[in-house]
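Enquirer: Following this message is one structure expressed as structure tokens.
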Amino acid sequence: MIFPFGRILLLCCALLIACDKPAPDSPSPTVSVVFKHSKLFGDSSAFDRLISEFELGNPGIRVERQTLPSSSDAQHLFYAINFQAKSSAFDVLAVDIIWVAEFARSGWLRDLNHLLPSGELTAFFSGPIRAVTYEGKIFAIPWFIDAGLLYYRKDLLQQYGFSPPETWDQLVHIARTIVGKETELYGFVWQGKQYEGLICNALEYIWSNGGDVLHERRVVLDSASNRQALEFMRDLVVSHRVTPDFVTTDTEETSRRVFGSGRAVFLRNWPYAWNLFQQEGSMVKNKVGVALLPHFPGHRSVSTLGGWQLGINRNSLHPEAAEKLVKFLTSPRAQRALSLAYGFHPTRKSLYRETELLQAQPLLGQLHDIFEQARPRPVTPFYIMISQVLQSEFSAVIAGVKPADMALQSAQTRVEKILAHGD
Amino acid sequence: MATDRRNREERATLFLAPAGITLSAVMLFPAVYILWLSLERRSLIFGTPQFIGFDNYLRLAHDPQFWNALVNTVYFTVVSVQGELVLGLLMALLLRRPFRGRGLLYAIILIPWAIPTVVSARMWEWLYNADFGVLNYLFQARINWLGNPVWALHAAIAMDVWKSTPFVALLLLAGLQSIPRELYHAAAVDGASRWTMFRRITWPALLPLILVVLIFRTIDAFRVFDSIYVLTGGGPGSSTETVSIYAYKLLFQTLEFGYGSAVAVAILMSVALATVVYAWLLRRVSP
């Protein structure tokens, strides 16, 4: 039997052509923009309303939201593999602050320089802008900002006549005094497990002592100020004894719980913890204050930046529509709505002066100052590899496996090797 | 006759073909591909792949993080497998004689083996919690089980022993029950002590099975990943980082597919080496 391939093929073609033709009564064909992001919202109704507003204002554009798994590794892997395969299955993506340089160098993100003319540029906090700039060009627009801050027990500090500490030594002094007089109380909890959070913590000591990881493209890890900073972190546990030894297992949530159950004087964490402390039934409700992180004498406080940026896939089939969406979502209007609905922190400085927002989130005024002095982790395409090295070496110092100078020497050579490979 | 046999062989080949093709697709192809990848400099961060021969293996030889992981893994494997063998054998000997409630005990003993590792690791993470964990409460101690570089690996070993001893006990029990009773009766008539019976009858009869159990457990322990990933993530100070954890970090976090594949191949080679040694021992002790 001869199979009528030819005829079937012809029929298929005819059908395809018939389907491809736009219906005569819709003059502009609808473009569907796919927006990939991690699970950012508990109840997505406020965000959905915002999206409908965008669709209403931009007839012909439809937005399709797609949620990624919550693990940061899984998201990074998803993006990298799809970009590598030149996928055009998504147009707009939420990018973690530490991925922008890597994605930009690989040529995976569209250059968005024209979306932020210099006048617009200064409307944003400078930290996130530094993080999204690679070789002089902007590859993503800052959407939300996060930074490390110091939580303290307002009631205890008041009771013992202290004001919030400005230097690390003051923090140690206050913690030791209060812990010595109370029972069942730790001095200062933070994130010391071997993971990304440890880098966020360690950089705050390093930066607030004038140290750094990279300077321009040079590795400057092996320095006296860095050694002093890491030794201080170790000393918090062993000689000052204000931090419990199990800090080497602590993450954001475990340390937040210790402080939230009223068993620590100080906590380093991200702003998200505030709402949980102020919740009904919280053991520290109305007893918590926030402040800039302390610094070493002669230097100033620096917080590590976190947060999300919006980028556009280089292979997007609808770059104009995607740009419209990015512009809309990073506009003051959208940031305000999302801040009110979800407590996110806007990247636009002007919003921190609006009474409506300040009333809803009294913390915003203070956060403004914290975000102003926040710094991105080293902006380099090889950040993830560098971070792996630092996690292992810094953790070794805090757990007492290696002295700080040895760990820093080893980190210096290993990071130099990574950069030499990359260039 | 000859054609008939050839026909049958052809038909057998034909019937086996789907299984063969499927297995090649899902087992052989990835294995060969990993070998190929391990000869490339391929990293999503660095960009274009490049054939570099054995450079990845050279880098492996000089990579302190890999050697640290290998030492951790070997230590983990040797200690946990030994512990499981001793405890498993004791358990099997105790369960050998029938007694009231043996069936129930059987079932209870198997529970740790039946729980998915990730779930039991979460449970142990809470037990080990230095701040409010049950273990510290029981010992009235303040031991930093998972955060101290000396304790952490042992804590992971203890969990592995807890989890895998039932498996060892079950297999050894089956072996014990296949030893003919008459041997013991005869030994009793000859006036042998219980220790002599164990040394002269039980141990030699069980030895081949013990080696098989050791092969299973060694391969499994050497590739340990999920329990450590949940308990410590490799920390503190990489003191619990095993080769599988290291391979995961390379393949799924820093996306160094070439070098990560080289680590995976090194894991495979180590496991193969251990298996060959056991197989050789097995051949020597088997009657």
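Just so we're on the same page: first chain in the structure tokens is A, next is B, and so on; residues restart at 1 for each chain, and ligands are numbered from 1 in the order they show up.
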Could you list, as a count of residues only, every residue within 10 Å of Thr133 (chain A), counting only C-alpha atoms and ignoring same-chain residues fewer than 2 positions away?
Expert: 18
Enquirer: Could you tell me which residues of chain A sit within 9 Å of chain B when counting only C-alpha atoms, and give me the result as a PyMOL selection string?
Expert: chain A and resi 73-74+76-77+80-81+84+102-103+105-106+192-195+244-250+258+381-382+384-385+388+391-402+421-423
Enquirer: Can you pull out every residue within 12 Å of Leu105 (chain B), counting only C-alpha atoms, but drop anything in the same chain fewer than 6 positions away, and send it as a list of chain:residue names?
Expert: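 Skipping anything fewer than 6 positions along the chain leaves B:Met91, B:Ala92, B:Leu94, B:Leu95, B:Arg96, B:Pro98, B:Phe99, B:Ile111, B:Pro166, B:Leu170.
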Enquirer: If you run DSSP on the backbone, which residues of region 245-336 of chain A are strand (DSSP E), as a list in words?
Expert: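 Strand (DSSP E) members of region 245-336 of chain A, listed: Ala264, Val265, Phe266, Leu267, Arg268, Asn269, Val288, Gly289, Val290, Ala291, Ser303, Thr304, Leu305, Gly306, Gly307, Trp308, Gln309, Leu310, Gly311 and Ile312 of chain A.
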Enquirer: Excluding region 29-34 of chain A and residues on its chain fewer than 3 positions from it, collect all residues at most 8 Å away from it, counting only C-alpha atoms, and give them as a ChimeraX atom specification.
Expert: /A:22,26,59-66,89-92,318,321-322
Enquirer: Any idea what's packed within 8 Å of Tyr152 (chain A), counting only C-alpha atoms, ignoring anything in its chain fewer than 3 positions away? Could you give it as a PyMOL selection string?
Expert: chain A and resi 157+164+265-267+288-291
Enquirer: How would the residues just chosen look if you wrote them out with N, CA and C atoms as a PDB file, in the first residue's frame?
Expert:
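Result file follows (again08.pdb):
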```pdb
ATOM      1  N   LEU A 157      17.408  47.277  76.417  1.00  0.00           N
ATOM      2  CA  LEU A 157      18.404  48.344  76.320  1.00  0.00           C
ATOM      3  C   LEU A 157      18.008  49.534  77.194  1.00  0.00           C
ATOM      4  N   PRO A 164      21.179  52.175  71.213  1.00  0.00           N
ATOM      5  CA  PRO A 164      21.645  51.173  70.253  1.00  0.00           C
ATOM      6  C   PRO A 164      23.133  51.352  69.933  1.00  0.00           C
ATOM      7  N   VAL A 265      19.406  39.443  72.808  1.00  0.00           N
ATOM      8  CA  VAL A 265      19.365  40.906  72.882  1.00  0.00           C
ATOM      9  C   VAL A 265      19.440  41.503  71.478  1.00  0.00           C
ATOM     10  N   PHE A 266      20.330  40.940  70.643  1.00  0.00           N
ATOM     11  CA  PHE A 266      20.541  41.475  69.293  1.00  0.00           C
ATOM     12  C   PHE A 266      20.368  40.380  68.242  1.00  0.00           C
ATOM     13  N   LEU A 267      19.949  40.806  67.060  1.00  0.00           N
ATOM     14  CA  LEU A 267      19.821  39.882  65.928  1.00  0.00           C
ATOM     15  C   LEU A 267      20.204  40.623  64.658  1.00  0.00           C
ATOM     16  N   VAL A 288      10.839  45.595  70.088  1.00  0.00           N
ATOM     17  CA  VAL A 288      11.955  45.492  69.148  1.00  0.00           C
ATOM     18  C   VAL A 288      12.246  46.835  68.496  1.00  0.00           C
ATOM     19  N   GLY A 289      13.512  47.157  68.393  1.00  0.00           N
ATOM     20  CA  GLY A 289      13.924  48.325  67.633  1.00  0.00           C
ATOM     21  C   GLY A 289      14.871  47.892  66.527  1.00  0.00           C
ATOM     22  N   VAL A 290      14.992  48.716  65.481  1.00  0.00           N
ATOM     23  CA  VAL A 290      15.967  48.383  64.445  1.00  0.00           C
ATOM     24  C   VAL A 290      16.958  49.525  64.315  1.00  0.00           C
ATOM     25  N   ALA A 291      18.162  49.172  63.862  1.00  0.00           N
ATOM     26  CA  ALA A 291      19.215  50.167  63.700  1.00  0.00           C
ATOM     27  C   ALA A 291      20.142  49.723  62.582  1.00  0.00           C
TER      28      ALA A 291
END
```
Enquirer: One number please: CA of Leu390 (chain A) to CA of Ala411 (chain A), in Å, one decimal.
Expert: 6.4 Å
